[in-house]
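Text of data21.pdb, listed as PDB, C-alpha atoms:
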ATOM      1  CA  MET A   1       0.000   0.000   0.000
ATOM      2  CA  PRO A   2       1.449   3.398  -0.931
ATOM      3  CA  GLU A   3       2.565   5.397   2.057
ATOM      4  CA  ASN A   4       0.359   8.113   3.622
ATOM      5  CA  THR A   5      -2.813   6.735   2.064
ATOM      6  CA  THR A   6      -5.609   7.678   4.428
ATOM      7  CA  GLU A   7      -9.023   6.070   4.760
ATOM      8  CA  GLN A   8     -10.618   9.168   3.202
ATOM      9  CA  GLU A   9      -8.275   8.897   0.249
ATOM     10  CA  LEU A  10      -9.267   5.253  -0.255
ATOM     11  CA  LYS A  11     -12.947   6.266  -0.238
ATOM     12  CA  ASP A  12     -12.188   9.047  -2.712
ATOM     13  CA  ARG A  13     -10.580   6.512  -5.021
ATOM     14  CA  LEU A  14     -13.676   4.291  -4.905
ATOM     15  CA  SER A  15     -15.921   7.307  -5.606
ATOM     16  CA  LEU A  16     -13.675   8.311  -8.503
ATOM     17  CA  ILE A  17     -13.968   4.839 -10.051
ATOM     18  CA  GLU A  18     -17.790   4.815  -9.743
ATOM     19  CA  ASN A  19     -18.016   8.362 -11.090
ATOM     20  CA  MET A  20     -15.841   7.695 -14.142
ATOM     21  CA  ILE A  21     -17.579   4.423 -15.054
ATOM     22  CA  ALA A  22     -20.935   6.234 -14.806
ATOM     23  CA  GLN A  23     -19.579   9.032 -17.064
ATOM     24  CA  GLY A  24     -18.753   6.534 -19.778
ATOM     25  CA  ARG A  25     -22.133   4.857 -19.661
ATOM     26  CA  ARG A  26     -24.160   8.049 -19.425
ATOM     27  CA  ASP A  27     -23.537   8.827 -23.099
ATOM     28  CA  THR A  28     -25.896   6.018 -24.050
ATOM     29  CA  GLU A  29     -28.490   6.850 -21.421
ATOM     30  CA  SER A  30     -29.025  10.523 -22.190
ATOM     31  CA  TRP A  31     -31.167  10.040 -25.285
ATOM     32  CA  GLY A  32     -34.474   9.171 -23.619
ATOM     33  CA  TRP A  33     -35.889  12.609 -24.472
ATOM     34  CA  THR A  34     -35.548  12.012 -28.229
ATOM     35  CA  PHE A  35     -37.672   8.863 -28.038
ATOM     36  CA  ILE A  36     -40.396  10.741 -26.170
ATOM     37  CA  LEU A  37     -40.171  13.702 -28.568
ATOM     38  CA  TRP A  38     -40.500  11.477 -31.629
ATOM     39  CA  GLY A  39     -43.295   9.435 -30.034
ATOM     40  CA  VAL A  40     -45.288  12.630 -29.437
ATOM     41  CA  VAL A  41     -44.501  13.802 -32.982
ATOM     42  CA  TYR A  42     -45.805  10.512 -34.443
ATOM     43  CA  TYR A  43     -49.058  10.994 -32.523
ATOM     44  CA  LEU A  44     -49.322  14.607 -33.757
ATOM     45  CA  ALA A  45     -48.675  13.565 -37.363
ATOM     46  CA  LEU A  46     -51.262  10.767 -37.164
ATOM     47  CA  THR A  47     -53.850  13.133 -35.689
ATOM     48  CA  TRP A  48     -53.081  15.759 -38.332
ATOM     49  CA  SER A  49     -53.213  13.321 -41.233
ATOM     50  CA  ALA A  50     -56.502  11.898 -39.919
ATOM     51  CA  SER A  51     -57.981  15.407 -40.089
ATOM     52  CA  GLY A  52     -57.588  15.444 -43.885
ATOM     53  CA  HIS A  53     -54.254  17.158 -44.671
ATOM     54  CA  SER A  54     -52.297  13.929 -44.981
ATOM     55  CA  ALA A  55     -49.915  15.169 -47.697
ATOM     56  CA  TRP A  56     -48.185  17.672 -45.407
ATOM     57  CA  ALA A  57     -48.772  16.151 -41.974
ATOM     58  CA  TRP A  58     -45.748  13.828 -41.953
ATOM     59  CA  PRO A  59     -43.206  15.995 -43.810
ATOM     60  CA  VAL A  60     -43.934  19.077 -41.670
ATOM     61  CA  THR A  61     -43.970  17.301 -38.297
ATOM     62  CA  MET A  62     -40.869  15.275 -39.200
ATOM     63  CA  LEU A  63     -39.016  18.431 -40.270
ATOM     64  CA  ILE A  64     -39.882  20.206 -37.005
ATOM     65  CA  ALA A  65     -38.823  17.128 -34.986
ATOM     66  CA  VAL A  66     -35.521  16.917 -36.908
ATOM     67  CA  ILE A  67     -34.774  20.604 -36.242
ATOM     68  CA  VAL A  68     -35.581  20.292 -32.513
ATOM     69  CA  THR A  69     -33.504  17.089 -32.242
ATOM     70  CA  VAL A  70     -30.488  18.587 -34.044
ATOM     71  CA  VAL A  71     -30.571  21.828 -32.008
ATOM     72  CA  VAL A  72     -30.925  20.110 -28.622
ATOM     73  CA  ALA A  73     -28.390  17.392 -29.524
ATOM     74  CA  SER A  74     -25.805  19.961 -30.640
ATOM     75  CA  LEU A  75     -26.264  21.838 -27.348
ATOM     76  CA  LYS A  76     -25.705  18.601 -25.420
ATOM     77  CA  ALA A  77     -22.818  17.452 -27.631
ATOM     78  CA  GLY A  78     -20.288  19.618 -25.806
ATOM     79  CA  ARG A  79     -21.102  17.869 -22.559
ATOM     80  CA  HIS A  80     -21.051  14.385 -24.071
ATOM     81  CA  PRO A  81     -18.034  13.900 -26.348
ATOM     82  CA  GLU A  82     -18.383  11.001 -28.745
ATOM     83  CA  THR A  83     -16.877   7.587 -28.702
ATOM     84  CA  THR A  84     -16.736   5.429 -31.809
ATOM     85  CA  LEU A  85     -19.560   3.290 -30.446
ATOM     86  CA  GLY A  86     -21.661   6.373 -29.732
ATOM     87  CA  ARG A  87     -20.969   7.719 -33.222
ATOM     88  CA  ALA A  88     -21.921   4.381 -34.811
ATOM     89  CA  ILE A  89     -25.249   4.317 -33.003
ATOM     90  CA  GLY A  90     -25.840   8.000 -33.729
ATOM     91  CA  SER A  91     -25.187   7.313 -37.426
ATOM     92  CA  ILE A  92     -27.919   4.672 -37.513
ATOM     93  CA  TRP A  93     -30.486   7.097 -36.138
ATOM     94  CA  ILE A  94     -29.399   9.952 -38.406
ATOM     95  CA  ALA A  95     -29.637   7.639 -41.435
ATOM     96  CA  LEU A  96     -33.055   6.460 -40.245
ATOM     97  CA  GLY A  97     -34.257  10.057 -39.920
ATOM     98  CA  ILE A  98     -33.047  10.977 -43.413
ATOM     99  CA  SER A  99     -34.577   7.814 -44.946
ATOM    100  CA  MET A 100     -37.960   8.324 -43.316
ATOM    101  CA  PHE A 101     -38.025  12.028 -44.116
ATOM    102  CA  LEU A 102     -37.217  11.523 -47.808
ATOM    103  CA  LEU A 103     -39.511   8.522 -48.213
ATOM    104  CA  PHE A 104     -42.577   9.972 -46.543
ATOM    105  CA  LEU A 105     -42.081  13.454 -47.980
ATOM    106  CA  SER A 106     -41.985  11.941 -51.480
ATOM    107  CA  LEU A 107     -44.932   9.602 -50.863
ATOM    108  CA  GLY A 108     -46.941  12.420 -49.279
ATOM    109  CA  VAL A 109     -46.274  14.916 -52.072
ATOM    110  CA  ALA A 110     -46.974  12.262 -54.722
ATOM    111  CA  GLY A 111     -50.286  11.472 -53.020
ATOM    112  CA  ARG A 112     -49.360   7.814 -52.590
ATOM    113  CA  LEU A 113     -49.376   7.765 -48.814
ATOM    114  CA  THR A 114     -52.756   6.083 -48.873
ATOM    115  CA  ASP A 115     -52.288   2.488 -47.694
ATOM    116  CA  GLN A 116     -52.369   2.703 -43.914
ATOM    117  CA  HIS A 117     -51.294  -0.936 -43.440
ATOM    118  CA  LEU A 118     -48.238  -0.496 -45.633
ATOM    119  CA  PHE A 119     -47.332   2.814 -43.987
ATOM    120  CA  ALA A 120     -47.520   1.395 -40.434
ATOM    121  CA  ALA A 121     -45.618  -1.745 -41.474
ATOM    122  CA  VAL A 122     -42.783   0.222 -43.140
ATOM    123  CA  VAL A 123     -42.391   2.706 -40.253
ATOM    124  CA  SER A 124     -42.469  -0.135 -37.698
ATOM    125  CA  ALA A 125     -39.930  -2.223 -39.631
ATOM    126  CA  ILE A 126     -37.525   0.720 -39.983
ATOM    127  CA  LEU A 127     -37.790   1.554 -36.272
ATOM    128  CA  GLY A 128     -37.352  -2.138 -35.417
ATOM    129  CA  MET A 129     -34.167  -2.198 -37.506
ATOM    130  CA  ALA A 130     -32.674   0.878 -35.799
ATOM    131  CA  ASN A 131     -33.598  -0.221 -32.276
ATOM    132  CA  GLY A 132     -32.391  -3.762 -32.996
ATOM    133  CA  ALA A 133     -29.023  -2.580 -34.328
ATOM    134  CA  SER A 134     -28.539  -0.168 -31.410
ATOM    135  CA  GLY A 135     -29.618  -2.783 -28.844
ATOM    136  CA  LEU A 136     -27.230  -5.383 -30.294
ATOM    137  CA  MET A 137     -24.311  -2.939 -30.307
ATOM    138  CA  LEU A 138     -24.969  -1.830 -26.732
ATOM    139  CA  ARG A 139     -25.966  -5.340 -25.631
ATOM    140  CA  TRP A 140     -28.987  -3.599 -24.093
ATOM    141  CA  LYS A 141     -31.858  -6.010 -23.534
ATOM    142  CA  VAL A 142     -34.407  -3.257 -22.922
ATOM    143  CA  GLN A 143     -33.755  -1.767 -26.367
ATOM    144  CA  LEU A 144     -33.870  -5.219 -27.951
ATOM    145  CA  ALA A 145     -37.301  -5.674 -26.351
ATOM    146  CA  CYS A 146     -38.214  -2.323 -27.877
ATOM    147  CA  ALA A 147     -37.106  -3.618 -31.305
ATOM    148  CA  LEU A 148     -39.238  -6.722 -30.765
ATOM    149  CA  VAL A 149     -42.267  -4.492 -30.164
ATOM    150  CA  TRP A 150     -41.653  -2.726 -33.495
ATOM    151  CA  TRP A 151     -41.058  -5.934 -35.453
ATOM    152  CA  THR A 152     -44.250  -7.407 -34.000
ATOM    153  CA  ALA A 153     -46.120  -4.248 -34.997
ATOM    154  CA  ALA A 154     -44.636  -4.427 -38.519
ATOM    155  CA  VAL A 155     -45.975  -7.955 -38.992
ATOM    156  CA  ALA A 156     -49.325  -7.307 -37.270
ATOM    157  CA  SER A 157     -49.898  -4.150 -39.361
ATOM    158  CA  CYS A 158     -50.061  -6.287 -42.483
ATOM    159  CA  PHE A 159     -53.187  -8.039 -41.254
ATOM    160  CA  GLY A 160     -56.622  -7.121 -39.886
ATOM    161  CA  THR A 161     -58.792  -4.084 -40.509
ATOM    162  CA  ASP A 162     -57.639  -0.467 -40.823
ATOM    163  CA  LYS A 163     -58.768   0.178 -37.264
ATOM    164  CA  GLU A 164     -56.864  -2.825 -35.891
ATOM    165  CA  SER A 165     -53.763  -1.836 -37.803
ATOM    166  CA  MET A 166     -53.952   1.696 -36.380
ATOM    167  CA  ILE A 167     -54.417   0.403 -32.814
ATOM    168  CA  VAL A 168     -51.343  -1.826 -33.201
ATOM    169  CA  PHE A 169     -49.319   1.148 -34.478
ATOM    170  CA  LEU A 170     -50.488   3.450 -31.664
ATOM    171  CA  VAL A 171     -49.641   0.830 -29.017
ATOM    172  CA  ALA A 172     -46.201   0.277 -30.593
ATOM    173  CA  ILE A 173     -45.525   4.038 -30.525
ATOM    174  CA  PHE A 174     -46.534   4.161 -26.866
ATOM    175  CA  LEU A 175     -44.345   1.208 -25.841
ATOM    176  CA  GLY A 176     -41.417   1.733 -28.222
ATOM    177  CA  GLN A 177     -41.131   5.520 -27.935
ATOM    178  CA  ILE A 178     -42.894   6.922 -24.881
ATOM    179  CA  VAL A 179     -42.341   4.109 -22.349
ATOM    180  CA  PHE A 180     -38.807   3.359 -23.584
ATOM    181  CA  GLY A 181     -37.968   7.091 -23.598
ATOM    182  CA  ILE A 182     -39.199   7.519 -20.024
ATOM    183  CA  TYR A 183     -37.177   4.458 -19.002
ATOM    184  CA  GLY A 184     -34.071   5.985 -20.652
ATOM    185  CA  MET A 185     -34.578   9.297 -18.864
ATOM    186  CA  ILE A 186     -35.058   7.587 -15.497
ATOM    187  CA  ALA A 187     -31.901   5.509 -16.074
ATOM    188  CA  GLY A 188     -29.979   8.693 -16.978
ATOM    189  CA  ALA A 189     -31.260  10.565 -13.921
ATOM    190  CA  ARG A 190     -30.318   7.626 -11.691
ATOM    191  CA  ALA A 191     -26.775   7.634 -13.103
ATOM    192  CA  ARG A 192     -26.479  11.391 -12.495
ATOM    193  CA  ARG A 193     -27.694  11.009  -8.896
ATOM    194  CA  GLN A 194     -25.078   8.302  -8.313
ATOM    195  CA  GLN A 195     -22.413  10.625  -9.678
ATOM    196  CA  ASP A 196     -23.580  13.500  -7.480
ATOM    197  CA  ARG A 197     -23.445  11.222  -4.433
ATOM    198  CA  ALA A 198     -19.920  10.187  -5.407
ATOM    199  CA  HIS A 199     -18.904  13.862  -5.608
ATOM    200  CA  ALA A 200     -20.552  14.711  -2.268
TER     201      ALA A 200
ATOM    202  CA  MET B 201      -4.496  -9.125  11.957
ATOM    203  CA  PRO B 202      -4.989 -10.129   8.294
ATOM    204  CA  ASP B 203      -2.307  -9.326   5.704
ATOM    205  CA  LEU B 204      -3.076  -5.967   4.098
ATOM    206  CA  PRO B 205      -3.291  -6.100   0.294
ATOM    207  CA  GLU B 206      -0.936  -4.037  -1.819
ATOM    208  CA  LEU B 207      -2.371  -1.265  -4.010
ATOM    209  CA  ASN B 208      -0.999  -1.423  -7.546
ATOM    210  CA  PRO B 209       1.037   1.836  -7.882
ATOM    211  CA  VAL B 210       0.391   2.065 -11.630
ATOM    212  CA  VAL B 211      -3.373   2.026 -11.079
ATOM    213  CA  HIS B 212      -3.268   4.110  -7.883
ATOM    214  CA  GLY B 213      -2.313   7.410  -9.571
ATOM    215  CA  ARG B 214      -5.476   9.543  -9.541
ATOM    216  CA  LEU B 215      -5.509  10.399 -13.252
ATOM    217  CA  ARG B 216      -4.480   6.884 -14.307
ATOM    218  CA  LEU B 217      -7.239   5.435 -12.135
ATOM    219  CA  ALA B 218      -9.767   7.827 -13.690
ATOM    220  CA  LEU B 219      -8.599   6.841 -17.173
ATOM    221  CA  LEU B 220      -8.817   3.102 -16.525
ATOM    222  CA  SER B 221     -12.280   3.524 -14.966
ATOM    223  CA  LEU B 222     -13.486   5.603 -17.913
ATOM    224  CA  LEU B 223     -12.143   3.104 -20.417
ATOM    225  CA  SER B 224     -13.747   0.210 -18.545
ATOM    226  CA  GLY B 225     -17.177   1.726 -19.269
ATOM    227  CA  VAL B 226     -16.708   2.175 -23.029
ATOM    228  CA  GLU B 227     -15.352  -0.022 -25.782
ATOM    229  CA  GLU B 228     -12.920   2.620 -26.968
ATOM    230  CA  ALA B 229     -12.403   6.334 -26.512
ATOM    231  CA  GLU B 230     -10.668   9.158 -28.292
ATOM    232  CA  PHE B 231      -7.924  11.226 -26.657
ATOM    233  CA  THR B 232     -10.129  14.323 -26.827
ATOM    234  CA  TRP B 233     -12.991  12.541 -25.072
ATOM    235  CA  LEU B 234     -10.695  11.390 -22.261
ATOM    236  CA  ARG B 235      -9.310  14.925 -21.953
ATOM    237  CA  ALA B 236     -12.816  16.379 -21.659
ATOM    238  CA  LYS B 237     -13.883  13.831 -19.054
ATOM    239  CA  THR B 238     -10.781  14.204 -16.874
ATOM    240  CA  ALA B 239     -10.088  17.923 -17.459
ATOM    241  CA  ALA B 240      -6.377  17.036 -17.692
ATOM    242  CA  THR B 241      -3.826  18.909 -19.782
ATOM    243  CA  ASP B 242      -2.641  17.337 -23.039
ATOM    244  CA  GLY B 243       0.869  16.757 -21.653
ATOM    245  CA  ASN B 244      -0.203  15.149 -18.394
ATOM    246  CA  LEU B 245      -2.878  13.043 -20.078
ATOM    247  CA  GLY B 246      -0.437  11.823 -22.733
ATOM    248  CA  ALA B 247       2.176  10.948 -20.095
ATOM    249  CA  GLN B 248      -0.267   8.988 -17.932
ATOM    250  CA  LEU B 249      -1.728   7.152 -20.914
ATOM    251  CA  LEU B 250       1.817   6.236 -21.956
ATOM    252  CA  LYS B 251       2.452   4.742 -18.498
ATOM    253  CA  LEU B 252      -0.749   2.712 -18.761
ATOM    254  CA  GLU B 253       0.252   1.599 -22.251
ATOM    255  CA  GLU B 254       3.746   0.573 -21.062
ATOM    256  CA  ALA B 255       2.150  -1.445 -18.257
ATOM    257  CA  GLY B 256      -0.001  -3.202 -20.865
ATOM    258  CA  TYR B 257      -3.239  -1.832 -19.373
ATOM    259  CA  VAL B 258      -4.395   0.126 -22.430
ATOM    260  CA  SER B 259      -3.882  -0.333 -26.147
ATOM    261  CA  VAL B 260      -3.569   2.538 -28.605
ATOM    262  CA  GLU B 261      -4.665   2.843 -32.197
ATOM    263  CA  LYS B 262      -3.719   5.845 -34.296
ATOM    264  CA  LYS B 263      -5.498   6.498 -37.558
ATOM    265  CA  PHE B 264      -6.700   9.225 -39.870
ATOM    266  CA  VAL B 265     -10.397   9.942 -40.277
ATOM    267  CA  LEU B 266     -11.184  12.432 -43.040
ATOM    268  CA  ARG B 267      -7.480  13.415 -43.003
ATOM    269  CA  LYS B 268      -7.643  14.269 -39.298
ATOM    270  CA  PRO B 269      -5.507  12.265 -36.859
ATOM    271  CA  GLN B 270      -7.479  10.254 -34.353
ATOM    272  CA  THR B 271      -6.032   8.378 -31.372
ATOM    273  CA  LEU B 272      -8.201   5.673 -29.888
ATOM    274  CA  TYR B 273      -7.581   4.025 -26.528
ATOM    275  CA  ARG B 274      -8.968   0.707 -25.289
ATOM    276  CA  ILE B 275      -8.599  -0.991 -21.949
ATOM    277  CA  THR B 276      -6.884  -4.384 -22.300
ATOM    278  CA  GLU B 277      -7.815  -7.571 -20.476
ATOM    279  CA  ALA B 278      -4.790  -7.022 -18.210
ATOM    280  CA  GLY B 279      -5.995  -3.472 -17.500
ATOM    281  CA  ARG B 280      -9.503  -4.689 -16.676
ATOM    282  CA  ARG B 281      -8.037  -7.303 -14.331
ATOM    283  CA  ALA B 282      -5.724  -4.748 -12.683
ATOM    284  CA  LEU B 283      -8.655  -2.398 -12.084
ATOM    285  CA  ALA B 284     -10.777  -5.201 -10.619
ATOM    286  CA  ASP B 285      -7.890  -6.283  -8.349
ATOM    287  CA  TYR B 286      -7.363  -2.665  -7.280
ATOM    288  CA  VAL B 287     -11.048  -2.255  -6.362
ATOM    289  CA  GLU B 288     -10.936  -5.507  -4.412
ATOM    290  CA  ALA B 289      -7.823  -4.354  -2.534
ATOM    291  CA  LEU B 290      -9.448  -0.976  -1.784
ATOM    292  CA  LYS B 291     -12.515  -2.687  -0.348
ATOM    293  CA  GLN B 292     -10.374  -4.942   1.806
ATOM    294  CA  LEU B 293      -8.378  -1.986   3.129
ATOM    295  CA  LEU B 294     -11.530   0.003   3.836
ATOM    296  CA  GLY B 295     -13.065  -3.031   5.534
ATOM    297  CA  VAL B 296     -10.056  -3.293   7.826
ATOM    298  CA  ALA B 297     -10.263   0.460   8.566
ATOM    299  CA  VAL B 298     -14.005   0.270   9.359
ATOM    300  CA  ASP B 299     -13.501  -2.822  11.548
ATOM    301  CA  ALA B 300     -10.748  -1.043  13.463
ATOM    302  CA  LYS B 301     -13.044   1.951  14.067
ATOM    303  CA  SER B 302     -15.957  -0.179  15.196
ATOM    304  CA  VAL B 303     -13.930  -1.787  18.029
ATOM    305  CA  PRO B 304     -14.694   0.182  21.232
ATOM    306  CA  ARG B 305     -11.623   1.790  22.727
ATOM    307  CA  HIS B 306     -12.973   1.527  26.261
ATOM    308  CA  ARG B 307     -15.145  -1.298  27.370
ATOM    309  CA  PRO B 308     -18.319   0.171  28.956
ATOM    310  CA  SER B 309     -18.572  -0.553  32.646
TER     311      SER B 309
END
This entry written out as structure tokens:
Amino acid sequence: MPENTTEQELKDRLSLIENMIAQGRRDTESWGWTFILWGVVYYLALTWSASGHSAWAWPVTMLIAVIVTVVVASLKAGRHPETTLGRAIGSIWIALGISMFLLFLSLGVAGRLTDQHLFAAVVSAILGMANGASGLMLRWKVQLACALVWWTAAVASCFGTDKESMIVFLVAIFLGQIVFGIYGMIAGARARRQQDRAHA
Amino acid sequence: MPDLPELNPVVHGRLRLALLSLLSGVEEAEFTWLRAKTAATDGNLGAQLLKLEEAGYVSVEKKFVLRKPQTLYRITEAGRRALADYVEALKQLLGVAVDAKSVPRHRPS
């Protein structure tokens, strides 16, 4: 044991270890708000498109959500420097956003966004892919469960009536975006509390 | 009295301990990310990372991404084991300290 190491110093070392490990993991836990934001935006877009202006509902709401996400994320970026893993996962979600924006903007403007089953199935499959890839990279079972919800919704959307398909999609949004986002925010807040206790 | 465990001097340095702990929570990290998390100067950070590298506790990969140099650090299996052993030794030492405190100095009459 190095000389002059006091009990307080030993405790400080343990706190330092806990604090630093939490810092590394927090980067993946601070994105809960985006899931909630996008879940709310999906509900807004669905409500808007159901009111009769379906051509612009998705492109406009998606564009607003993208702008809010980019602005808030860039403000947080200074506090959460990237790792390669973080950048890889971020790339998946950026690519997903671009794909969905281009696809649904084009379909909406062309007036071909008419098959509700197909729409719900495609959105669910894309979200299942992104959550699945992220969950596998992070080895995060909760996000893999989230992907399973979306894949189930993608399959279920292909069957049943319009109403049943819509209910499946709404439930998937609630579980895969809102509930998962709240879970992510709670996990992030818990990690921050642990860090604060370590600093105290 | 039980034998007190030795604290690994390479791991014990405050900045080196912070670096090993940070790297244990991520798969790999850039120099700039480690600098931001530890608030260390470039020179000090580089020197401590070099010591960890020489001890075989971290591995380094230097590459160019979009013509910009990027230095990536990863904790090695030996580094992970050294950190785990260090934590175990800390807990043992603290346990001994707490036990010593909990023994009453004067037996109540």
Exercise. With only C-alpha atoms as the atoms that count, which of B:Arg281, B:Val210, B:Lys237, B:Gln270 lies nearest to chain A?
Worked result: B:Lys237
For this session: Tell me which residues the ChimeraX specification (/A :<12) & /B grabs here, as number ranges by chain.
Result: B: 203-238, 265, 270-274, 283-284, 286-298, 300-301
Exercise. What does the distance from atom CA of Ile94 of chain A to atom CA of Thr47 of chain A come to in Å, to one decimal?
Worked result: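 For atom CA of Ile94 of chain A relative to atom CA of Thr47 of chain A, the distance reads 24.8 Å.
In this structure, atom CA of Ser124 of chain A sits 6.4 Å away from atom CA of Trp151 of chain A.
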For this session: Could you tell me how far atom CA of Leu107 of chain A lies from atom CA of Cys146 of chain A, in Å and to one decimal?
Result: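 Calculated distance between atom CA of Leu107 of chain A and atom CA of Cys146 of chain A is 26.8 Å.
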Problem set entry | Residue IDs satisfying the PyMOL selection byres ((chain B and resi 256) around 10), as a ChimeraX atom specification | /B:250-255,257-259,275-279
Exercise. Need the neighbours of (-48.5, -3.7, -45.4): which residues are at most 9 Å away, counting all atoms listed in the file, as number ranges by chain?
Worked result: A: 115-122, 154-159
Problem set entry | Output of the PyMOL selection byres ((chain A and resi 59-66) around 9), listed as a ChimeraX atom specification | /A:37-38,41-42,44-45,55-58,67-71,97,100-102,104-106,108-109
Since fewer atoms than expected are present, regenerate N, CA and C atoms for segment 285-299 of chain B and write them as a PDB file, in the frame of the given file.
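Everything below was put into rebuild25.pdb:
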ATOM      1  N   ASP B 285      -8.720  -5.936  -9.523  1.00  0.00           N
ATOM      2  CA  ASP B 285      -7.890  -6.283  -8.349  1.00  0.00           C
ATOM      3  C   ASP B 285      -7.720  -5.070  -7.433  1.00  0.00           C
ATOM      4  N   TYR B 286      -7.556  -3.900  -8.058  1.00  0.00           N
ATOM      5  CA  TYR B 286      -7.363  -2.665  -7.280  1.00  0.00           C
ATOM      6  C   TYR B 286      -8.615  -2.363  -6.444  1.00  0.00           C
ATOM      7  N   VAL B 287      -9.785  -2.506  -7.075  1.00  0.00           N
ATOM      8  CA  VAL B 287     -11.048  -2.255  -6.362  1.00  0.00           C
ATOM      9  C   VAL B 287     -11.197  -3.232  -5.204  1.00  0.00           C
ATOM     10  N   GLU B 288     -10.833  -4.476  -5.459  1.00  0.00           N
ATOM     11  CA  GLU B 288     -10.936  -5.507  -4.412  1.00  0.00           C
ATOM     12  C   GLU B 288     -10.010  -5.159  -3.242  1.00  0.00           C
ATOM     13  N   ALA B 289      -8.788  -4.725  -3.578  1.00  0.00           N
ATOM     14  CA  ALA B 289      -7.823  -4.354  -2.534  1.00  0.00           C
ATOM     15  C   ALA B 289      -8.320  -3.143  -1.742  1.00  0.00           C
ATOM     16  N   LEU B 290      -8.899  -2.167  -2.455  1.00  0.00           N
ATOM     17  CA  LEU B 290      -9.448  -0.976  -1.784  1.00  0.00           C
ATOM     18  C   LEU B 290     -10.521  -1.380  -0.782  1.00  0.00           C
ATOM     19  N   LYS B 291     -11.415  -2.266  -1.215  1.00  0.00           N
ATOM     20  CA  LYS B 291     -12.515  -2.687  -0.348  1.00  0.00           C
ATOM     21  C   LYS B 291     -11.989  -3.412   0.881  1.00  0.00           C
ATOM     22  N   GLN B 292     -10.955  -4.222   0.662  1.00  0.00           N
ATOM     23  CA  GLN B 292     -10.374  -4.942   1.806  1.00  0.00           C
ATOM     24  C   GLN B 292      -9.756  -3.959   2.798  1.00  0.00           C
ATOM     25  N   LEU B 293      -9.024  -2.985   2.256  1.00  0.00           N
ATOM     26  CA  LEU B 293      -8.378  -1.986   3.129  1.00  0.00           C
ATOM     27  C   LEU B 293      -9.414  -1.169   3.880  1.00  0.00           C
ATOM     28  N   LEU B 294     -10.479  -0.782   3.178  1.00  0.00           N
ATOM     29  CA  LEU B 294     -11.530   0.003   3.836  1.00  0.00           C
ATOM     30  C   LEU B 294     -12.246  -0.845   4.876  1.00  0.00           C
ATOM     31  N   GLY B 295     -12.426  -2.116   4.579  1.00  0.00           N
ATOM     32  CA  GLY B 295     -13.065  -3.031   5.534  1.00  0.00           C
ATOM     33  C   GLY B 295     -12.256  -3.129   6.806  1.00  0.00           C
ATOM     34  N   VAL B 296     -10.944  -3.222   6.651  1.00  0.00           N
ATOM     35  CA  VAL B 296     -10.056  -3.293   7.826  1.00  0.00           C
ATOM     36  C   VAL B 296     -10.152  -2.001   8.626  1.00  0.00           C
ATOM     37  N   ALA B 297     -10.186  -0.846   7.898  1.00  0.00           N
ATOM     38  CA  ALA B 297     -10.263   0.460   8.566  1.00  0.00           C
ATOM     39  C   ALA B 297     -11.572   0.590   9.332  1.00  0.00           C
ATOM     40  N   VAL B 298     -12.698   0.166   8.708  1.00  0.00           N
ATOM     41  CA  VAL B 298     -14.005   0.270   9.359  1.00  0.00           C
ATOM     42  C   VAL B 298     -14.056  -0.654  10.572  1.00  0.00           C
ATOM     43  N   ASP B 299     -13.521  -1.877  10.425  1.00  0.00           N
ATOM     44  CA  ASP B 299     -13.501  -2.822  11.548  1.00  0.00           C
ATOM     45  C   ASP B 299     -12.722  -2.244  12.726  1.00  0.00           C
TER      46      ASP B 299
END
